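Peer 1: My structure is below; once you've seen it, I'll send some questions.
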Amino acid sequence: MRPSPSLICPIVFLSGLAGLGYQMVWSRQFGMGLGTEMASVLAVVCAFLGGMAVGSWALDKPLGHTRNPGRWYAALEVIIGVWAIASSFGIPALQATALRLMGVEPSFFQHWLVAFLLPFLALLPATAAMGATLPALDRWLAPLFADQRTIGLLYAVNTAGAVCGTLLSAFVIVPELGFRNSVWVFAGINLLCGVGAAFFQKTVPQHTEAPTEGIIPRRHLVSLLALGFLGIGYEAVGIRALSQVLENTIYTFALTLAIYLLGTALGAAIYHRFCRTRSFVPVLGFLLPGLSSACLLGALVISKAQFLYDSLRSPPAESLPAEIFLALLVFGVPTLFMGATFSHLVQHCRRAKAGVGLAAAWNILGGTFAPFVFGVLLLPAIGVKWCFLLISLGYWALRPRLFQFRGIALVPIVLATATALMPFQMVQVPPGAKVAVLKEGMMATVAVLEDQGGNRTLRINNRFQMGGTGAAAAEYRHTHIPLLLHPNPQRALVLGLGTGISLGGTSFHPNLTTDGVELLPEVIGVMPEFEHFNFGPAHHPKMRLYAADARRFARATTNRYDVIVSDLFHPAMDGAGALYTVEHFQAIRQRLETGGLFCQWLPLHQLNEDMLRVITRTFLEVFPDTQAWLLRFNVDAPVLGLVGFSRPPAFGPDWMAKRVQTPELAEQLQKQSLTDSIRFFGCLLAGPEELRAFAGNAPLNTDDFPRVIFGAPKFAHLKNSTSYGRLMSFLEAVTLKPQQVLRLSGGVEQEKFSAQLMRYDKARRVYLQGLVEQTKGRMDEALNRFMESARLSEDFTLGSAQVISVASLLVNTKPLEAKALLERLAAAQPTNPVARQLVQRLFGN
């Protein structure tokens, strides 16, 4: 019986689904071990594509001469499935090998070579089989069509499956099953495809000739090479440009990739339906200028991307629909032309005994080089706009009649002129501010903004503010608090440097040697812009800076540290969730000296409560003796610190007096209000018992089941919650027990100190509630809370400072209200003369 193509197309669809599922999983699995530096990310992509190119090229002739291409295809699907299962066990071992080969500071060439060769060789049997599936399918199914022209249909169906594989893997399969189990699911799909192909292969008639004979024109192959190179280049540049506008989560990447693939599939389907029997030169003469024009239109959209994105999200709403629409504008039309052009060229490379595999191999080979050329060389050198112009010019130059300038061939010239004149300023600059420094790097765009007051801010990809001089007081606390919790730190490690201000704070601690690790070399490059506040860590004799992935550094270094500080990482950023896994925390613990401690700062305003519980439970799994600390008392961007001790010391009321021995450090701590033990331990929120109760039965975040990578972005995309919600929920769930947490003895001074801290804790909670009321615009209720915090603890002065500040503003306009506030404050704190003295000075007796 002659089967209908509709019976076999589901096999082709499922094969594409599994293939992109593998790519989504394998790229992140290797990233866990190789690091997330651009060299690693691009090398893994190149390894995947390179393996496909090898398979498509090597098996082209054997597939062209076989009398049973269906059997070959079935075998290829089985090979993919079996090797995928094997890879789920082998990849972790390869990660350890990669660490040994790269070390702490590999050269770029060494890093790239290891990051390319290991995945390339490890995945080669599977990726080579994937690359050979298109020529195998064409040889097998061509007899079902009168004209034997199948490329457009096969490519469309397979790529449509890839769209589903991208979305299902990111939104359903991997979040529910984890990496290893997801690979097994995809492997099962491949095995199912192999069984289905084996069942149908005998029912498809064999063909004896192809519509075209002879040697494939070299121009066709060169055009396919360029098509793959420019197509992947457009994808890389487009995603990089959109990263300065979109949320940059794993869902952002998945949706953008899915739209790219969907456009390609639709373009191939349109070609199969309407163009596959048309003459070669006229069709190509239309497709290539159209593709060039579409890429330039995409570039023009990107030049206005921030405006479009903000318009789509006004008023603020869930960001995913806006991301989808913007990605459609950038990738939709260009990929339609890409899919049609690829199908047209490959179809006309088909010969009696070979051709499709060779043509596909040249196309994939071009795509293999694109990530390196555009991501590493061109983007940092010439920027986004000129990369787009270069890509468009490349497509335009591939036209079959290069020197004919008429009709559609003139459209790219007009659009290229408009694009060249269009400003591509992706960094949003607040009114009155300016861009002091702008660095286009391999992974991100790094900008230093300076406002009218001279304050400087570090911004990454226009989206993420990584500190600044206006927040220097808070940044110093990132390192001061954990260092002060150690009795005598000699060596420290800071992961994530940003402005370098937190790192610079370590210079005031005597006898301390500090290593700093930052993923982006461009961030290290702009640190001198903050030198007045970070004190020049690049030139400090006891500081050393590393441009490296934090996970890889923690596993590769042989150094041991008394204190390790992991600075703020946006949990929703694609890849950042890997910094909160059990395996990473275990690597950190192995780097601690006896008695050492690790502090992980968490941005509560960028987390939902479920993810906070997951991270807390994961942290406790590795550091059972953990304390929770509040960086500073604010509700607009609250930061929680989890401090894990390998062997916690016994603290006491004289801790800070013993700990701070130099006038330089004492002066700095005076500016941070951390001079005495009450105010220092007043930042303590909870101990391990309370944290375990808060975390409950939350699941662990592991390398195989990275729940934060998939869970945190859901909060980032919604953006409909308050900045203080998680902090207030956490405070409601925990109770400070200083006697137990600080291991205080039962002496009179210890009990007095414990009682002071408990009063301080109550005042702090009420004060934070007052800040929440102030944020809501309920100033009367906020003042009541501030007044109550002043009454609860004489040591807690922030509430009284708020009341005095408000009263000072009211003196000239509402003097009676100002006087009443100060009198209430004097009554709330009878032992504090400040309010009473202000009343006497401002209003007399």
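Ordering of the structure tokens sets the chain letters (A, B, ...), residue numbers begin anew at 1 in every chain, and ligands are numbered from 1 in the order given.
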I'd like the neighbourhood of Thr277 of chain A as a list of chain:residue names, where a residue qualifies if any of its atoms comes within 9 Å (using only C-alpha atoms), though same-chain residues fewer than 5 positions away should be ignored.

Peer 2: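 After dropping sequence-adjacent residues, the list is A:Asp147, A:Arg149, A:His272.
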
Peer 1: Enumerate the residues of segment 462-527 of chain A with a DSSP assignment of helix (DSSP H, G or I), computed from the backbone, and present them as number ranges by chain.

Peer 2: A: 469-484, 501-508, 521-525, 527

Peer 1: Once you have the residues from the selection above, write them out as a compact mmCIF listing (two decimals), in the first residue's frame, restricted to C-alpha atoms.

Peer 2:
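Final file, result.txt:
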```txt
# COMPACT_ATOMS: atom_id res chain seq x y z
CA THR A 469 27.92 55.77 43.81
CA GLY A 470 24.51 56.88 45.10
CA ALA A 471 24.09 53.47 46.77
CA ALA A 472 27.71 53.13 47.95
CA ALA A 473 26.71 52.89 51.62
CA ALA A 474 24.61 49.80 50.91
CA GLU A 475 27.28 48.27 48.66
CA TYR A 476 29.94 48.51 51.37
CA ARG A 477 27.65 46.54 53.66
CA HIS A 478 27.71 43.61 51.22
CA THR A 479 31.23 42.78 52.34
CA HIS A 480 31.44 44.48 55.75
CA ILE A 481 28.70 42.37 57.35
CA PRO A 482 30.05 38.91 56.40
CA LEU A 483 33.67 39.91 57.10
CA LEU A 484 32.73 41.20 60.56
CA ILE A 501 32.47 49.28 45.56
CA SER A 502 31.66 46.22 47.68
CA LEU A 503 35.04 44.75 46.83
CA GLY A 504 36.73 48.05 47.69
CA GLY A 505 35.20 47.93 51.14
CA THR A 506 37.33 44.89 51.96
CA SER A 507 40.46 47.06 51.74
CA PHE A 508 39.72 48.51 55.20
CA PRO A 521 35.41 41.66 31.35
CA GLU A 522 33.81 44.96 30.33
CA VAL A 523 32.55 45.45 33.90
CA ILE A 524 36.10 45.12 35.19
CA GLY A 525 37.11 47.57 32.49
CA MET A 527 35.68 49.95 37.45
```

Peer 1: What gap, in Å, lies between atom CA of Phe372 of chain A and atom CA of Gly228 of chain A?

Peer 2: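 Atom CA of Phe372 of chain A sits 13.3 Å away from atom CA of Gly228 of chain A.
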
Peer 1: I'd like the contact shell of Gln627 of chain A - 6 Å cut-off, only C-alpha atoms, skipping same-chain residues fewer than 2 positions apart - returned as a ChimeraX atom specification.

Peer 2: /A:642-643,686-688

Peer 1: Could you write those residues out with all heavy atoms, as an mmCIF file, in the first residue's frame?

Peer 2:
```cif
data_model
loop_
_atom_site.group_PDB
_atom_site.id
_atom_site.type_symbol
_atom_site.label_atom_id
_atom_site.label_comp_id
_atom_site.auth_asym_id
_atom_site.auth_seq_id
_atom_site.Cartn_x
_atom_site.Cartn_y
_atom_site.Cartn_z
ATOM 1 N N LEU A 642 21.795 35.286 53.291
ATOM 2 C CA LEU A 642 21.895 33.989 53.950
ATOM 3 C C LEU A 642 23.366 33.744 54.253
ATOM 4 O O LEU A 642 24.194 33.693 53.337
ATOM 5 C CB LEU A 642 21.346 32.884 53.053
ATOM 6 C CG LEU A 642 19.861 32.957 52.689
ATOM 7 C CD1 LEU A 642 19.478 31.820 51.750
ATOM 8 C CD2 LEU A 642 18.991 32.918 53.945
ATOM 9 N N VAL A 643 23.699 33.625 55.523
ATOM 10 C CA VAL A 643 25.088 33.456 55.952
ATOM 11 C C VAL A 643 25.234 32.057 56.522
ATOM 12 O O VAL A 643 24.650 31.726 57.565
ATOM 13 C CB VAL A 643 25.493 34.513 56.992
ATOM 14 C CG1 VAL A 643 26.948 34.312 57.393
ATOM 15 C CG2 VAL A 643 25.271 35.914 56.453
ATOM 16 N N ALA A 686 17.044 36.007 61.624
ATOM 17 C CA ALA A 686 16.608 34.664 62.030
ATOM 18 C C ALA A 686 17.792 33.715 62.031
ATOM 19 O O ALA A 686 18.829 33.969 61.412
ATOM 20 C CB ALA A 686 15.524 34.145 61.092
ATOM 21 N N GLY A 687 17.615 32.598 62.729
ATOM 22 C CA GLY A 687 18.617 31.546 62.766
ATOM 23 C C GLY A 687 18.163 30.325 61.998
ATOM 24 O O GLY A 687 17.112 30.338 61.341
ATOM 25 N N PRO A 688 18.935 29.236 62.068
ATOM 26 C CA PRO A 688 18.632 28.055 61.252
ATOM 27 C C PRO A 688 17.282 27.418 61.559
ATOM 28 O O PRO A 688 16.605 26.934 60.653
ATOM 29 C CB PRO A 688 19.792 27.106 61.568
ATOM 30 C CG PRO A 688 20.399 27.613 62.842
ATOM 31 C CD PRO A 688 20.175 29.075 62.839
#
```

Peer 1: Name all residues at most 8 Å from Glu823 of chain A (count only C-alpha atoms; drop same-chain ones fewer than 3 positions away) and give them as a list in words.

Peer 2: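 In the requested form, the answer reads Lys819, Ala820, Ala826, Ala827, Ala835, Arg836 and Val839 of chain A.
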
Peer 1: When you look at Leu225 of chain A with a cut-off of 7 Å (counting only C-alpha atoms), what residues show up, excluding the ones that are within fewer than 5 positions of it in the same chain? I need them as a ChimeraX atom specification.

Peer 2: /A:362-363,365-366

Peer 1: Excluding Gly711 of chain A and its own-chain neighbours fewer than 5 positions away, which residues fall within 10 Å of it when counting only C-alpha atoms? Please give them as an mmCIF file with N, CA, C and O atoms, in the first residue's frame.

Peer 2:
```cif
data_model
loop_
_atom_site.group_PDB
_atom_site.id
_atom_site.type_symbol
_atom_site.label_atom_id
_atom_site.label_comp_id
_atom_site.auth_asym_id
_atom_site.auth_seq_id
_atom_site.Cartn_x
_atom_site.Cartn_y
_atom_site.Cartn_z
ATOM 1 N N PRO A 175 10.843 22.052 33.229
ATOM 2 C CA PRO A 175 10.417 22.481 34.572
ATOM 3 C C PRO A 175 9.768 21.381 35.385
ATOM 4 O O PRO A 175 9.889 21.348 36.611
ATOM 5 N N ILE A 250 14.840 32.693 30.633
ATOM 6 C CA ILE A 250 14.849 31.516 29.765
ATOM 7 C C ILE A 250 13.617 31.493 28.886
ATOM 8 O O ILE A 250 13.642 31.005 27.750
ATOM 9 N N PRO A 571 17.878 36.626 39.944
ATOM 10 C CA PRO A 571 17.557 35.196 39.790
ATOM 11 C C PRO A 571 16.865 34.858 38.479
ATOM 12 O O PRO A 571 16.974 33.740 37.995
ATOM 13 N N ALA A 572 16.128 35.826 37.906
ATOM 14 C CA ALA A 572 15.366 35.533 36.692
ATOM 15 C C ALA A 572 16.217 35.565 35.435
ATOM 16 O O ALA A 572 15.801 35.053 34.397
ATOM 17 N N GLY A 577 20.111 31.380 37.724
ATOM 18 C CA GLY A 577 19.577 30.411 38.672
ATOM 19 C C GLY A 577 20.543 29.301 39.013
ATOM 20 O O GLY A 577 20.426 28.649 40.058
ATOM 21 N N LEU A 607 12.284 38.407 43.642
ATOM 22 C CA LEU A 607 11.952 37.011 43.909
ATOM 23 C C LEU A 607 10.502 36.900 44.368
ATOM 24 O O LEU A 607 9.998 37.790 45.064
ATOM 25 N N ASN A 608 9.856 35.801 44.004
ATOM 26 C CA ASN A 608 8.582 35.521 44.659
ATOM 27 C C ASN A 608 8.839 34.639 45.877
ATOM 28 O O ASN A 608 9.938 34.128 46.086
ATOM 29 N N ASP A 610 7.793 31.674 46.733
ATOM 30 C CA ASP A 610 8.104 30.265 46.472
ATOM 31 C C ASP A 610 9.591 30.080 46.159
ATOM 32 O O ASP A 610 10.228 29.143 46.663
ATOM 33 N N MET A 611 10.145 30.953 45.327
ATOM 34 C CA MET A 611 11.561 30.834 44.976
ATOM 35 C C MET A 611 12.448 31.155 46.181
ATOM 36 O O MET A 611 13.517 30.577 46.342
ATOM 37 N N VAL A 614 12.587 28.017 48.083
ATOM 38 C CA VAL A 614 13.438 27.037 47.395
ATOM 39 C C VAL A 614 14.909 27.332 47.640
ATOM 40 O O VAL A 614 15.696 26.430 47.980
ATOM 41 N N PRO A 706 16.920 22.519 37.895
ATOM 42 C CA PRO A 706 17.163 23.929 38.258
ATOM 43 C C PRO A 706 15.854 24.715 38.363
ATOM 44 O O PRO A 706 15.476 25.448 37.452
ATOM 45 N N ALA A 716 9.385 37.765 37.301
ATOM 46 C CA ALA A 716 9.930 38.894 36.546
ATOM 47 C C ALA A 716 8.994 39.312 35.419
ATOM 48 O O ALA A 716 8.864 40.500 35.115
#
```

Peer 1: Please provide as a PyMOL selection string all residues within 6 Å of segment 5-16 of chain A, with the sequence filter that same-chain residues fewer than 2 positions apart are discarded (counting only C-alpha atoms).

Peer 2: chain A and resi 18-19+157-159+161-162+193

Peer 1: May I have the residues from that selection written out with N, CA, C and O atoms, as a PDB file, in the first residue's frame?

Peer 2:
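After the write, again26.pdb holds the following:
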```pdb
ATOM      1  N   ALA A  18      12.091  16.685  19.188  1.00  0.00           N
ATOM      2  CA  ALA A  18      13.138  16.129  20.054  1.00  0.00           C
ATOM      3  C   ALA A  18      14.472  16.824  19.824  1.00  0.00           C
ATOM      4  O   ALA A  18      15.216  17.105  20.775  1.00  0.00           O
ATOM      5  N   GLY A  19      14.777  17.150  18.558  1.00  0.00           N
ATOM      6  CA  GLY A  19      16.063  17.770  18.262  1.00  0.00           C
ATOM      7  C   GLY A  19      16.260  19.101  18.964  1.00  0.00           C
ATOM      8  O   GLY A  19      17.318  19.349  19.561  1.00  0.00           O
ATOM      9  N   VAL A 157       7.868  20.936   8.128  1.00  0.00           N
ATOM     10  CA  VAL A 157       7.285  20.076   9.166  1.00  0.00           C
ATOM     11  C   VAL A 157       8.286  19.838  10.284  1.00  0.00           C
ATOM     12  O   VAL A 157       7.942  19.906  11.480  1.00  0.00           O
ATOM     13  N   ASN A 158       9.537  19.557   9.919  1.00  0.00           N
ATOM     14  CA  ASN A 158      10.553  19.311  10.933  1.00  0.00           C
ATOM     15  C   ASN A 158      10.805  20.550  11.791  1.00  0.00           C
ATOM     16  O   ASN A 158      10.933  20.457  13.024  1.00  0.00           O
ATOM     17  N   THR A 159      10.849  21.720  11.154  1.00  0.00           N
ATOM     18  CA  THR A 159      11.082  22.960  11.901  1.00  0.00           C
ATOM     19  C   THR A 159       9.872  23.328  12.732  1.00  0.00           C
ATOM     20  O   THR A 159      10.012  23.900  13.823  1.00  0.00           O
ATOM     21  N   GLY A 161       8.058  21.151  14.213  1.00  0.00           N
ATOM     22  CA  GLY A 161       8.286  20.329  15.396  1.00  0.00           C
ATOM     23  C   GLY A 161       9.309  20.957  16.320  1.00  0.00           C
ATOM     24  O   GLY A 161       9.172  20.911  17.552  1.00  0.00           O
ATOM     25  N   ALA A 162      10.341  21.589  15.734  1.00  0.00           N
ATOM     26  CA  ALA A 162      11.348  22.274  16.547  1.00  0.00           C
ATOM     27  C   ALA A 162      10.736  23.427  17.338  1.00  0.00           C
ATOM     28  O   ALA A 162      11.126  23.691  18.471  1.00  0.00           O
ATOM     29  N   CYS A 193      10.031   7.422  16.798  1.00  0.00           N
ATOM     30  CA  CYS A 193      10.157   7.784  15.381  1.00  0.00           C
ATOM     31  C   CYS A 193      10.864   6.679  14.597  1.00  0.00           C
ATOM     32  O   CYS A 193      10.498   6.370  13.448  1.00  0.00           O
TER      33      CYS A 193
END
```

Peer 1: Which of these, A:Thr150, A:Ser646, A:Thr166, A:Thr735, has the shortest distance to Thr626 of chain A once you count only C-alpha atoms?

Peer 2: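 Closest residue, counting only C-alpha atoms: A:Ser646.
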